[in-house]
$ cat input_24.cif   # mmCIF, C-alpha atoms
data_final
loop_
_atom_site.label_atom_id
_atom_site.label_comp_id
_atom_site.auth_asym_id
_atom_site.auth_seq_id
_atom_site.Cartn_x
_atom_site.Cartn_y
_atom_site.Cartn_z
CA MET A 23 45.25 64.12 165.05
CA GLU A 24 46.05 66.82 167.58
CA PHE A 25 49.32 65.93 169.26
CA GLN A 26 49.87 66.84 172.89
CA PHE A 27 53.51 67.16 173.81
CA ASN A 28 55.08 66.42 177.08
CA SER A 29 57.44 69.34 176.78
CA GLN A 30 57.10 73.02 175.88
CA LEU A 31 60.59 72.90 174.37
CA LEU A 32 59.62 70.08 172.03
CA GLU A 33 56.39 71.90 171.20
CA LYS A 34 58.35 75.06 170.35
CA ALA A 35 60.88 73.21 168.18
CA VAL A 36 58.12 71.37 166.31
CA ALA A 37 56.26 74.65 165.76
CA GLU A 38 59.39 76.31 164.34
CA LEU A 39 60.39 73.34 162.18
CA SER A 40 56.90 73.07 160.70
CA LYS A 41 57.22 76.63 159.35
CA LEU A 42 59.80 75.30 156.85
CA PRO A 43 58.46 74.80 153.31
CA GLY A 44 57.25 71.25 152.73
CA VAL A 45 57.48 70.36 156.43
CA GLY A 46 54.17 69.49 158.08
CA ARG A 47 53.63 68.97 161.79
CA LYS A 48 54.18 65.24 161.55
CA THR A 49 57.49 65.63 159.68
CA ALA A 50 58.55 68.35 162.12
CA LEU A 51 57.96 65.97 165.02
CA ARG A 52 60.02 63.29 163.25
CA LEU A 53 62.88 65.77 162.73
CA ALA A 54 62.71 67.00 166.34
CA LEU A 55 62.78 63.48 167.76
CA HIS A 56 65.69 62.66 165.45
CA LEU A 57 67.59 65.67 166.79
CA LEU A 58 66.88 64.56 170.36
CA ARG A 59 68.49 61.22 169.60
CA GLN A 60 71.65 62.83 168.19
CA ASP A 61 74.65 63.97 170.20
CA GLU A 62 74.12 67.38 171.68
CA GLU A 63 76.91 68.86 169.51
CA GLU A 64 75.09 67.77 166.35
CA ALA A 65 71.87 69.58 167.21
CA VAL A 66 73.74 72.64 168.48
CA ALA A 67 75.79 72.76 165.25
CA LEU A 68 72.58 72.73 163.20
CA GLY A 69 70.95 75.45 165.29
CA GLU A 70 74.03 77.65 165.31
CA SER A 71 74.64 77.23 161.57
CA ILE A 72 71.11 78.47 160.86
CA ILE A 73 71.50 81.48 163.16
CA GLY A 74 75.02 82.26 161.92
CA MET A 75 73.96 82.06 158.30
CA ARG A 76 70.90 84.27 158.73
CA LYS A 77 72.69 86.86 160.84
CA ASN A 78 75.79 87.21 158.70
CA ILE A 79 74.67 86.70 155.13
CA SER A 80 73.17 89.67 153.35
CA TYR A 81 73.05 90.74 149.73
CA CYS A 82 75.76 92.02 147.39
CA HIS A 83 75.20 95.73 146.69
CA ARG A 84 76.22 95.24 143.09
CA CYS A 85 74.65 91.99 141.82
CA HIS A 86 72.18 91.24 144.71
CA ASN A 87 73.53 87.73 145.13
CA ILE A 88 73.94 86.57 148.74
CA SER A 89 77.17 87.77 150.27
CA GLU A 90 78.94 87.90 153.61
CA GLU A 91 80.58 91.20 152.56
CA GLU A 92 79.24 94.35 150.91
CA THR A 93 80.19 92.94 147.51
CA CYS A 94 80.21 89.23 146.82
CA PRO A 95 83.22 87.04 145.93
CA ILE A 96 82.05 86.72 142.32
CA CYS A 97 81.87 90.50 141.84
CA ASN A 98 85.24 90.87 143.58
CA ASP A 99 86.93 88.25 141.40
CA LYS A 100 88.98 90.30 138.92
CA LYS A 101 89.71 87.17 136.84
CA ARG A 102 86.06 86.99 135.83
CA GLU A 103 84.88 88.79 132.69
CA GLN A 104 83.69 92.15 133.94
CA ASP A 105 81.74 92.97 130.79
CA SER A 106 79.46 89.93 130.69
CA VAL A 107 76.52 89.79 133.09
CA CYS A 108 74.19 86.83 133.50
CA VAL A 109 70.71 87.86 134.65
CA VAL A 110 69.00 85.29 136.88
CA GLU A 111 65.79 85.07 138.86
CA ASN A 112 67.25 84.16 142.24
CA VAL A 113 70.27 83.16 144.31
CA LYS A 114 69.73 79.47 143.67
CA ASP A 115 70.07 80.02 139.93
CA VAL A 116 73.52 81.58 140.49
CA ILE A 117 74.60 78.39 142.26
CA THR A 118 73.07 76.22 139.55
CA ILE A 119 74.80 78.14 136.74
CA GLU A 120 78.13 78.28 138.57
CA ALA A 121 78.00 74.48 138.76
CA THR A 122 78.04 74.26 134.92
CA ARG A 123 81.34 76.27 134.80
CA GLN A 124 80.19 77.75 131.48
CA HIS A 125 79.70 81.35 132.56
CA HIS A 126 82.85 83.30 133.35
CA GLY A 127 81.33 86.73 133.83
CA LEU A 128 79.30 88.34 136.58
CA TYR A 129 75.68 87.99 137.67
CA HIS A 130 72.65 90.12 138.34
CA VAL A 131 69.95 88.64 140.56
CA LEU A 132 66.48 90.04 139.84
CA GLY A 133 64.84 88.63 142.96
CA GLY A 134 61.90 87.23 141.01
CA LEU A 135 60.09 87.40 137.68
CA ILE A 136 57.40 89.74 136.42
CA ALA A 137 54.12 88.05 137.38
CA PRO A 138 51.12 90.40 137.27
CA LEU A 139 48.78 87.71 138.63
CA ASP A 140 50.96 87.46 141.76
CA GLY A 141 51.19 91.24 141.94
CA ILE A 142 54.90 91.29 141.04
CA GLY A 143 55.74 94.14 138.71
CA PRO A 144 59.07 95.41 137.29
CA ALA A 145 59.46 97.84 140.20
CA ASP A 146 59.58 94.91 142.64
CA LEU A 147 62.62 93.48 140.87
CA GLU A 148 66.24 94.61 140.45
CA ILE A 149 65.67 95.82 136.90
CA GLU A 150 66.42 99.54 137.33
CA SER A 151 69.70 98.60 139.02
CA LEU A 152 70.51 96.37 136.02
CA VAL A 153 69.90 99.22 133.59
CA LYS A 154 72.11 101.42 135.77
CA ARG A 155 74.88 98.82 135.73
CA VAL A 156 74.71 98.52 131.94
CA LYS A 157 75.06 102.30 131.66
CA GLU A 158 77.88 102.64 134.17
CA GLU A 159 79.93 99.46 133.95
CA LYS A 160 80.77 99.15 130.23
CA ILE A 161 78.92 95.84 130.02
CA LYS A 162 79.14 94.29 126.56
CA GLU A 163 76.78 91.37 127.00
CA ILE A 164 73.68 90.67 129.05
CA ILE A 165 72.84 86.95 129.17
CA LEU A 166 69.19 86.47 130.11
CA ALA A 167 69.11 83.17 132.02
CA LEU A 168 65.51 83.13 133.21
CA SER A 169 63.20 80.12 133.28
CA PRO A 170 61.55 79.40 129.91
CA THR A 171 58.08 80.12 131.27
CA ILE A 172 55.54 82.85 130.55
CA GLU A 173 56.87 84.90 133.49
CA GLY A 174 60.45 84.37 132.31
CA ASP A 175 59.63 85.38 128.74
CA THR A 176 57.69 88.43 129.94
CA THR A 177 60.63 89.51 132.07
CA ASN A 178 63.09 88.84 129.23
CA PHE A 179 61.08 91.05 126.92
CA TYR A 180 60.70 93.81 129.50
CA ILE A 181 64.45 93.89 130.13
CA TYR A 182 65.15 93.73 126.38
CA ARG A 183 63.03 96.83 125.80
CA LYS A 184 64.65 98.65 128.71
CA LEU A 185 68.13 97.96 127.30
CA SER A 186 67.45 98.12 123.57
CA ASP A 187 68.74 101.69 123.17
CA LEU A 188 71.99 100.91 124.95
CA PRO A 189 75.09 99.51 123.19
CA VAL A 190 74.87 96.06 124.74
CA ARG A 191 74.45 92.63 123.19
CA ILE A 192 71.43 90.85 124.71
CA THR A 193 71.38 87.07 124.55
CA ILE A 194 69.17 84.37 126.02
CA LEU A 195 69.99 80.78 126.86
CA ALA A 196 69.42 78.35 123.98
CA ARG A 197 66.03 76.73 124.15
CA GLY A 198 67.39 73.25 124.45
CA LEU A 199 65.52 73.40 127.72
CA SER A 200 62.07 71.87 127.76
CA VAL A 201 59.62 74.74 127.71
CA GLY A 202 57.51 74.96 130.86
CA ASN A 203 60.09 73.46 133.21
CA GLU A 204 61.81 75.36 136.00
CA LEU A 205 65.47 76.20 135.45
CA GLU A 206 66.59 74.45 138.61
CA TYR A 207 65.47 71.05 137.31
CA ALA A 208 67.56 71.16 134.14
CA ASP A 209 70.51 68.74 134.10
CA GLU A 210 74.03 70.12 134.13
CA LEU A 211 74.98 69.15 130.56
CA THR A 212 71.86 70.59 128.99
CA LEU A 213 72.22 73.76 130.99
CA GLY A 214 75.91 74.02 130.03
CA LYS A 215 75.09 73.57 126.32
CA SER A 216 72.38 76.17 126.55
CA ILE A 217 74.94 78.68 127.82
CA GLN A 218 77.41 77.84 125.02
CA ASN A 219 74.66 78.12 122.37
CA ARG A 220 73.00 81.27 123.61
CA ILE A 221 71.44 83.29 120.79
CA LEU A 222 70.57 86.91 120.03
CA PHE A 223 67.26 87.72 121.67
CA SER A 224 66.14 89.67 118.57
CA ASP A 225 66.63 86.51 116.50
CA THR A 226 63.87 84.79 118.47
CA PHE A 227 61.18 87.14 117.12
CA SER A 228 61.11 85.51 113.65
CA PRO A 229 57.92 83.52 113.00
CA MET B 16 75.55 68.21 140.48
CA GLU B 17 78.29 69.51 142.78
CA PHE B 18 77.20 72.86 144.10
CA GLN B 19 79.77 75.54 144.85
CA PHE B 20 78.55 78.07 147.32
CA ASN B 21 79.45 81.67 147.53
CA SER B 22 79.51 81.59 151.28
CA GLN B 23 81.05 79.32 153.89
CA LEU B 24 78.11 80.08 156.18
CA LEU B 25 75.61 78.89 153.58
CA GLU B 26 77.78 75.83 152.92
CA LYS B 27 77.83 75.03 156.65
CA ALA B 28 74.06 75.44 157.05
CA VAL B 29 73.36 73.26 154.00
CA ALA B 30 75.75 70.61 155.31
CA GLU B 31 74.02 70.57 158.71
CA LEU B 32 70.49 70.60 157.27
CA SER B 33 71.29 67.73 154.92
CA LYS B 34 72.12 65.53 157.93
CA LEU B 35 68.40 65.51 158.78
CA PRO B 36 66.55 62.32 157.81
CA GLY B 37 64.94 62.57 154.38
CA VAL B 38 66.71 65.84 153.56
CA GLY B 39 69.12 65.68 150.62
CA ARG B 40 71.58 68.38 149.59
CA LYS B 41 69.12 69.97 147.16
CA THR B 42 66.34 70.15 149.75
CA ALA B 43 68.82 71.48 152.32
CA LEU B 44 69.75 74.27 149.93
CA ARG B 45 66.08 75.07 149.36
CA LEU B 46 65.50 75.24 153.13
CA ALA B 47 68.60 77.40 153.70
CA LEU B 48 67.61 79.87 150.98
CA HIS B 49 64.09 79.96 152.41
CA LEU B 50 65.53 80.84 155.83
CA LEU B 51 67.66 83.58 154.26
CA ARG B 52 64.50 85.15 152.83
CA GLN B 53 62.72 85.14 156.21
CA ASP B 54 63.02 87.83 158.86
CA GLU B 55 66.09 87.36 160.99
CA GLU B 56 63.95 86.65 164.07
CA GLU B 57 62.30 83.70 162.32
CA ALA B 58 65.57 81.95 161.54
CA VAL B 59 67.01 82.74 164.96
CA ALA B 60 63.85 81.35 166.63
CA LEU B 61 64.24 78.09 164.69
CA GLY B 62 67.93 77.77 165.53
CA GLU B 63 67.44 78.59 169.19
CA SER B 64 64.46 76.26 169.56
CA ILE B 65 66.57 73.36 168.25
CA ILE B 66 69.45 74.15 170.59
CA GLY B 67 67.15 74.77 173.57
CA MET B 68 65.27 71.55 173.01
CA ARG B 69 68.39 69.42 172.65
CA LYS B 70 70.18 70.97 175.62
CA ASN B 71 67.27 70.86 178.06
CA ILE B 72 65.28 67.77 177.20
CA SER B 73 66.51 64.49 178.58
CA TYR B 74 64.77 61.28 179.57
CA CYS B 75 62.48 60.46 182.46
CA HIS B 76 64.32 58.23 184.96
CA ARG B 77 61.16 56.20 185.51
CA CYS B 78 59.49 55.65 182.12
CA HIS B 79 62.27 56.85 179.73
CA ASN B 80 59.92 59.19 177.90
CA ILE B 81 61.42 62.60 177.06
CA SER B 82 61.30 65.01 179.95
CA GLU B 83 62.58 68.41 180.97
CA GLU B 84 62.73 67.24 184.60
CA GLU B 85 64.07 64.08 186.24
CA THR B 86 60.60 62.52 186.02
CA CYS B 87 58.16 63.41 183.27
CA PRO B 88 54.77 65.15 183.65
CA ILE B 89 52.91 61.89 182.92
CA CYS B 90 54.72 60.02 185.71
CA ASN B 91 54.19 62.98 188.03
CA ASP B 92 50.46 63.19 187.32
CA LYS B 93 48.86 61.60 190.38
CA LYS B 94 45.44 61.58 188.67
CA ARG B 95 46.68 58.93 186.23
CA GLU B 96 46.26 55.27 187.06
CA GLN B 97 49.53 54.31 188.73
CA ASP B 98 49.02 50.56 188.30
CA SER B 99 48.54 50.42 184.52
CA VAL B 100 51.63 50.78 182.31
CA CYS B 101 51.59 50.96 178.51
CA VAL B 102 54.82 49.63 176.96
CA VAL B 103 55.80 51.39 173.72
CA GLU B 104 58.73 51.32 171.31
CA ASN B 105 59.57 55.03 171.32
CA VAL B 106 58.72 58.56 172.38
CA LYS B 107 56.60 59.15 169.29
CA ASP B 108 54.31 56.28 170.23
CA VAL B 109 53.61 57.94 173.60
CA ILE B 110 52.47 61.05 171.75
CA THR B 111 50.34 58.97 169.34
CA ILE B 112 48.66 57.01 172.14
CA GLU B 113 48.11 60.13 174.25
CA ALA B 114 46.27 61.63 171.27
CA THR B 115 43.69 58.81 171.44
CA ARG B 116 42.86 59.73 175.10
CA GLN B 117 42.11 56.03 175.73
CA HIS B 118 45.03 55.22 178.06
CA HIS B 119 44.84 56.74 181.50
CA GLY B 120 47.83 55.03 183.09
CA LEU B 121 51.58 55.45 182.76
CA TYR B 122 54.09 54.51 180.07
CA HIS B 123 57.35 52.64 179.65
CA VAL B 124 59.45 53.49 176.60
CA LEU B 125 61.67 50.61 175.46
CA GLY B 126 63.80 52.66 173.07
CA GLY B 127 63.44 50.15 170.24
CA LEU B 128 62.42 46.57 169.47
CA ILE B 129 64.40 43.33 169.61
CA ALA B 130 65.91 42.98 166.13
CA PRO B 131 68.77 40.47 165.98
CA LEU B 132 69.48 41.28 162.32
CA ASP B 133 70.12 44.91 163.29
CA GLY B 134 72.14 43.80 166.31
CA ILE B 135 69.54 45.01 168.81
CA GLY B 136 69.11 42.59 171.71
CA PRO B 137 67.07 42.79 174.94
CA ALA B 138 70.02 44.33 176.80
CA ASP B 139 69.92 47.35 174.47
CA LEU B 140 66.33 48.10 175.50
CA GLU B 141 64.67 49.25 178.72
CA ILE B 142 63.37 45.77 179.56
CA GLU B 143 65.24 45.14 182.83
CA SER B 144 63.98 48.48 184.11
CA LEU B 145 60.42 47.44 183.16
CA VAL B 146 60.75 44.20 185.14
CA LYS B 147 62.11 46.22 188.07
CA ARG B 148 59.12 48.59 187.89
CA VAL B 149 56.65 45.69 187.86
CA LYS B 150 58.33 44.25 190.95
CA GLU B 151 58.54 47.53 192.86
CA GLU B 152 55.53 49.62 191.80
CA LYS B 153 52.52 47.34 192.39
CA ILE B 154 51.63 47.41 188.70
CA LYS B 155 48.47 45.46 187.93
CA GLU B 156 48.45 45.65 184.12
CA ILE B 157 51.10 45.86 181.43
CA ILE B 158 49.63 46.86 178.05
CA LEU B 159 52.02 45.87 175.26
CA ALA B 160 51.48 48.48 172.53
CA LEU B 161 54.23 47.50 170.09
CA SER B 162 53.93 47.38 166.30
CA PRO B 163 52.31 44.18 164.96
CA THR B 164 55.53 43.19 163.16
CA ILE B 165 57.99 40.33 163.61
CA GLU B 166 60.18 42.56 165.80
CA GLY B 167 57.18 43.72 167.82
CA ASP B 168 55.92 40.16 168.31
CA THR B 169 59.40 38.96 169.30
CA THR B 170 59.70 41.75 171.86
CA ASN B 171 56.17 41.09 173.16
CA PHE B 172 57.02 37.45 173.71
CA TYR B 173 60.36 38.22 175.39
CA ILE B 174 58.69 40.65 177.81
CA TYR B 175 55.84 38.20 178.42
CA ARG B 176 58.32 35.50 179.47
CA LYS B 177 60.24 37.91 181.69
CA LEU B 178 57.06 38.91 183.50
CA SER B 179 55.17 35.61 183.50
CA ASP B 180 56.13 34.71 187.08
CA LEU B 181 54.99 38.05 188.43
CA PRO B 182 51.41 38.83 189.50
CA VAL B 183 50.64 41.17 186.61
CA ARG B 184 48.02 41.05 183.85
CA ILE B 185 49.70 41.30 180.44
CA THR B 186 47.57 42.50 177.51
CA ILE B 187 48.29 43.48 173.91
CA LEU B 188 46.40 45.86 171.62
CA ALA B 189 43.57 44.22 169.64
CA ARG B 190 44.44 43.23 166.08
CA GLY B 191 41.50 43.84 163.78
CA LEU B 192 40.07 45.88 160.96
CA SER B 193 41.14 49.49 160.56
CA VAL B 194 38.20 51.76 161.25
CA GLY B 195 36.98 53.34 158.01
CA ASN B 196 38.69 50.86 155.69
CA GLU B 197 36.86 48.58 153.26
CA LEU B 198 36.77 44.94 154.34
CA GLU B 199 38.16 43.80 150.99
CA TYR B 200 41.35 45.77 151.55
CA ALA B 201 42.12 44.18 154.91
CA ASP B 202 44.96 41.67 154.67
CA GLU B 203 44.16 38.01 155.26
CA LEU B 204 46.03 37.73 158.57
CA THR B 205 44.39 40.79 160.08
CA LEU B 206 40.98 39.64 158.89
CA GLY B 207 41.62 36.19 160.39
CA LYS B 208 42.64 37.75 163.72
CA SER B 209 39.57 39.96 163.71
CA ILE B 210 37.36 36.88 163.31
CA GLN B 211 39.13 34.98 166.12
CA ASN B 212 38.90 38.01 168.39
CA ARG B 213 35.33 38.99 167.49
CA ILE B 214 33.41 40.83 170.17
CA LEU B 215 29.77 41.07 171.22
CA PHE B 216 28.03 43.66 169.10
CA SER B 217 26.14 44.89 172.15
CA ASP B 218 29.48 45.62 173.81
CA THR B 219 30.15 48.28 171.16
CA PHE B 220 27.11 50.34 172.22
CA SER B 221 28.70 51.62 175.44
CA PRO B 222 29.31 55.39 175.41
#

$ encode --input "input_24.cif" --output "structure tokens"
Amino acid sequence: MEFQFNSQLLEKAVAELSKLPGVGRKTALRLALHLLRQDEEEAVALGESIIGMRKNISYCHRCHNISEEETCPICNDKKREQDSVCVVENVKDVITIEATRQHHGLYHVLGGLIAPLDGIGPADLEIESLVKRVKEEKIKEIILALSPTIEGDTTNFYIYRKLSDLPVRITILARGLSVGNELEYADELTLGKSIQNRILFSDTFSP
Amino acid sequence: MEFQFNSQLLEKAVAELSKLPGVGRKTALRLALHLLRQDEEEAVALGESIIGMRKNISYCHRCHNISEEETCPICNDKKREQDSVCVVENVKDVITIEATRQHHGLYHVLGGLIAPLDGIGPADLEIESLVKRVKEEKIKEIILALSPTIEGDTTNFYIYRKLSDLPVRITILARGLSVGNELEYADELTLGKSIQNRILFSDTFSP
């Protein structure tokens, strides 16, 4: 059904809202009409929080996590183990792993996984910068915390080969996770255990 | 899972997004991270469209539909039938009925339905203003286009009694089979109504 709106402003808001992932035109209209029913301050707070977030959050120069400063609070936290780096696919995975409170080191956000079918190769990811960090920062352990999928395994193996000549211990999360599921859907306890029980990547090659 | 964010700005945006209906904290985080990945202009356009809409859209003084001016474009359209008023529950219903292109008159938005269990009585709705319009505007027909629910029927009957002394024709939308649905899936009540209200087959031939 092609909806005709009574107002260009409503039309514009619906158009913008329906660009959000998982939000169709009908849902966007429902959200817009909800916002019209709220107090003006509520809708303004939402709009301003989106603008403020997008304008002022960028990426940490060191670990590529989101950050309001040049380096992020995790990298700047001297109480964290500076020689243990957890490699994750994206920003959301940092938040998910932080919630388990099982990792006390730093992070390195790849920005994706190697996926040749989607045209994503190693050069599109923060892998060279990881190798550079391992060489320069006296890192003792790299914890590969990627999703247990084909793309995750491919990326794990690529990173492993890139780092295998360097004096660094490379571990992956214990496969207590159900294979084929995305990391973000794992429950907190399972994810926590899988950090505690991480194993040597080379030990996973045995038949 | 209690998420700790790295950024107050992200925290704020997630908090605001999760106030939207049907959006939990996890979905809000997904939306916020999506917006962070977009070009800055995209996120700013969304935020500004929400603020602009909320600040500049109010309600038509005549029909209570949303409007950027004191009276809405539908009320101002002199080509529309000024003596036929379709009574609807909310703004969304105006949009839905407009999409059918079958109503050429004006509207009156009640702002809800009589629902004693939810504490909504006639005084909370735009019923007095409807009665006033019927008295002052030479309205010939009131089309009650409320949902065929207990609340809709209650509201229909309340309005009918309020208007019964006035020289106005009061109609409701036909209750019958949904176009395109199998007969066997129609509920008994609807099917019964559609038999009572059967129409001449030859009347359906008109263009």

$ closest_atom_pairs --input "input_24.cif" --of "chain A" --to "chain B" --cutoff "8 Å" --atoms "all atoms listed in the file" --output "CSV"
residue,atom,partner,partner_atom,distance
A:Met23,CA,B:Ala114,CA,6.8
A:Glu24,CA,B:Ala114,CA,6.4
A:Phe25,CA,B:Ala114,CA,5.6
A:Gln26,CA,B:Ile110,CA,6.4
A:Phe27,CA,B:Ile110,CA,6.5
A:Asn28,CA,B:Pro88,CA,6.7
A:Ser29,CA,B:Ser82,CA,6.6
A:Leu31,CA,B:Met68,CA,5.1
A:Leu32,CA,B:Met68,CA,5.9
A:Lys34,CA,B:Ser64,CA,6.3
A:Ala35,CA,B:Ser64,CA,4.9
A:Glu38,CA,B:Leu61,CA,5.2
A:Leu39,CA,B:Leu61,CA,6.6
A:Leu42,CA,B:Leu46,CA,6.8
A:Pro43,CA,B:Leu46,CA,7.1
A:Leu53,CA,B:Leu35,CA,6.8
A:Ala54,CA,B:Ile65,CA,7.7
A:Leu55,CA,B:Lys107,CA,7.7
A:His56,CA,B:Pro36,CA,7.7
A:Leu57,CA,B:Arg69,CA,7.0
A:Leu58,CA,B:Arg69,CA,5.6
A:Glu62,CA,B:Arg69,CA,6.2
A:Ala65,CA,B:Ile66,CA,6.2
A:Val66,CA,B:Ile66,CA,5.0
A:Ala67,CA,B:Glu31,CA,7.1
A:Leu68,CA,B:Glu31,CA,5.2
A:Gly69,CA,B:Gly62,CA,3.8
A:Glu70,CA,B:Gly62,CA,6.1
A:Ser71,CA,B:Ala28,CA,4.9
A:Ile72,CA,B:Ala28,CA,5.7
A:Ile73,CA,B:Val59,CA,5.0
A:Gly74,CA,B:Leu24,CA,6.9
A:Met75,CA,B:Leu24,CA,5.1
A:Arg76,CA,B:Leu51,CA,5.6
A:Lys77,CA,B:Glu55,CA,6.6
A:Asn78,CA,B:Leu24,CA,7.9
A:Ile79,CA,B:Leu24,CA,7.5
A:Ile88,CA,B:Asn21,CA,7.5
A:Ser89,CA,B:Ser22,CA,6.7
A:Glu90,CA,B:Ser22,CA,6.8
A:Cys94,CA,B:Asn21,CA,7.6
A:Pro95,CA,B:Asn21,CA,6.8
A:Ile96,CA,B:Asn21,CA,7.7
A:Val113,CA,B:Leu48,CA,7.9
A:Lys114,CA,B:Leu48,CA,7.6
A:Ile117,CA,B:Phe18,CA,6.4
A:Thr118,CA,B:Phe18,CA,7.0
A:Glu120,CA,B:Gln19,CA,7.0
A:Ala121,CA,B:Phe18,CA,5.6
A:Glu210,CA,B:Met16,CA,6.8

$ write_last_selection --input "input_24.cif" --atoms "C-alpha atoms" --output "mmCIF file, in the coordinates of the input"
data_model
loop_
_atom_site.group_PDB
_atom_site.id
_atom_site.type_symbol
_atom_site.label_atom_id
_atom_site.label_comp_id
_atom_site.auth_asym_id
_atom_site.auth_seq_id
_atom_site.Cartn_x
_atom_site.Cartn_y
_atom_site.Cartn_z
ATOM 1 C CA MET A 23 45.250 64.120 165.050
ATOM 2 C CA GLU A 24 46.050 66.820 167.580
ATOM 3 C CA PHE A 25 49.320 65.930 169.260
ATOM 4 C CA GLN A 26 49.870 66.840 172.890
ATOM 5 C CA PHE A 27 53.510 67.160 173.810
ATOM 6 C CA ASN A 28 55.080 66.420 177.080
ATOM 7 C CA SER A 29 57.440 69.340 176.780
ATOM 8 C CA LEU A 31 60.590 72.900 174.370
ATOM 9 C CA LEU A 32 59.620 70.080 172.030
ATOM 10 C CA LYS A 34 58.350 75.060 170.350
ATOM 11 C CA ALA A 35 60.880 73.210 168.180
ATOM 12 C CA GLU A 38 59.390 76.310 164.340
ATOM 13 C CA LEU A 39 60.390 73.340 162.180
ATOM 14 C CA LEU A 42 59.800 75.300 156.850
ATOM 15 C CA PRO A 43 58.460 74.800 153.310
ATOM 16 C CA LEU A 53 62.880 65.770 162.730
ATOM 17 C CA ALA A 54 62.710 67.000 166.340
ATOM 18 C CA LEU A 55 62.780 63.480 167.760
ATOM 19 C CA HIS A 56 65.690 62.660 165.450
ATOM 20 C CA LEU A 57 67.590 65.670 166.790
ATOM 21 C CA LEU A 58 66.880 64.560 170.360
ATOM 22 C CA GLU A 62 74.120 67.380 171.680
ATOM 23 C CA ALA A 65 71.870 69.580 167.210
ATOM 24 C CA VAL A 66 73.740 72.640 168.480
ATOM 25 C CA ALA A 67 75.790 72.760 165.250
ATOM 26 C CA LEU A 68 72.580 72.730 163.200
ATOM 27 C CA GLY A 69 70.950 75.450 165.290
ATOM 28 C CA GLU A 70 74.030 77.650 165.310
ATOM 29 C CA SER A 71 74.640 77.230 161.570
ATOM 30 C CA ILE A 72 71.110 78.470 160.860
ATOM 31 C CA ILE A 73 71.500 81.480 163.160
ATOM 32 C CA GLY A 74 75.020 82.260 161.920
ATOM 33 C CA MET A 75 73.960 82.060 158.300
ATOM 34 C CA ARG A 76 70.900 84.270 158.730
ATOM 35 C CA LYS A 77 72.690 86.860 160.840
ATOM 36 C CA ASN A 78 75.790 87.210 158.700
ATOM 37 C CA ILE A 79 74.670 86.700 155.130
ATOM 38 C CA ILE A 88 73.940 86.570 148.740
ATOM 39 C CA SER A 89 77.170 87.770 150.270
ATOM 40 C CA GLU A 90 78.940 87.900 153.610
ATOM 41 C CA CYS A 94 80.210 89.230 146.820
ATOM 42 C CA PRO A 95 83.220 87.040 145.930
ATOM 43 C CA ILE A 96 82.050 86.720 142.320
ATOM 44 C CA VAL A 113 70.270 83.160 144.310
ATOM 45 C CA LYS A 114 69.730 79.470 143.670
ATOM 46 C CA ILE A 117 74.600 78.390 142.260
ATOM 47 C CA THR A 118 73.070 76.220 139.550
ATOM 48 C CA GLU A 120 78.130 78.280 138.570
ATOM 49 C CA ALA A 121 78.000 74.480 138.760
ATOM 50 C CA GLU A 210 74.030 70.120 134.130
#

$ calpha_fit_rmsd --input "input_24.cif" --fixed "chain A" --moving "chain B"
7.0 Å

$ resolve_selection --input "input_24.cif" --expression "the PyMOL selection byres ((chain B and resi 174) around 12)" --output "ChimeraX atom specification"
/B:102-103,125,128-129,137-138,140-146,149,157-161,167-173,175-181,183,185-187

$ axis_aligned_box --input "input_24.cif" --around "stretch 187-197 of chain A" --padding-each-side "5 Å" --output "AutoDock Vina command-line options"
--center_x 70.6 --center_y 89.2 --center_z 125.0 --size_x 19.1 --size_y 35.0 --size_z 13.7

$ atom_distance --input "input_24.cif" --atom1 "atom CA of A:Asp140" --atom2 "atom CA of A:Glu173"
10.5 Å

$ decode --input "input_24.cif" --residues "stretch 107-126 of chain A" --atoms "C-alpha atoms" --output "PDB file, in the first residue's frame"
ATOM      1  CA  VAL A 107      45.261  -8.687  23.119  1.00  0.00           C
ATOM      2  CA  CYS A 108      41.853 -10.109  22.255  1.00  0.00           C
ATOM      3  CA  VAL A 109      41.149 -10.022  18.509  1.00  0.00           C
ATOM      4  CA  VAL A 110      37.477  -9.493  17.645  1.00  0.00           C
ATOM      5  CA  GLU A 111      35.444  -8.981  14.511  1.00  0.00           C
ATOM      6  CA  ASN A 112      33.661  -5.773  15.487  1.00  0.00           C
ATOM      7  CA  VAL A 113      32.859  -3.185  18.137  1.00  0.00           C
ATOM      8  CA  LYS A 114      29.843  -5.111  19.376  1.00  0.00           C
ATOM      9  CA  ASP A 115      32.031  -8.087  20.213  1.00  0.00           C
ATOM     10  CA  VAL A 116      34.183  -5.866  22.469  1.00  0.00           C
ATOM     11  CA  ILE A 117      31.052  -4.926  24.415  1.00  0.00           C
ATOM     12  CA  THR A 118      29.917  -8.545  24.562  1.00  0.00           C
ATOM     13  CA  ILE A 119      33.287  -9.784  25.839  1.00  0.00           C
ATOM     14  CA  GLU A 120      33.645  -6.928  28.330  1.00  0.00           C
ATOM     15  CA  ALA A 121      30.305  -8.007  29.806  1.00  0.00           C
ATOM     16  CA  THR A 122      31.799 -11.430  30.729  1.00  0.00           C
ATOM     17  CA  ARG A 123      34.572  -9.715  32.794  1.00  0.00           C
ATOM     18  CA  GLN A 124      36.902 -12.578  31.838  1.00  0.00           C
ATOM     19  CA  HIS A 125      39.331 -10.671  29.640  1.00  0.00           C
ATOM     20  CA  HIS A 126      41.628  -8.231  31.409  1.00  0.00           C
TER      21      HIS A 126
END
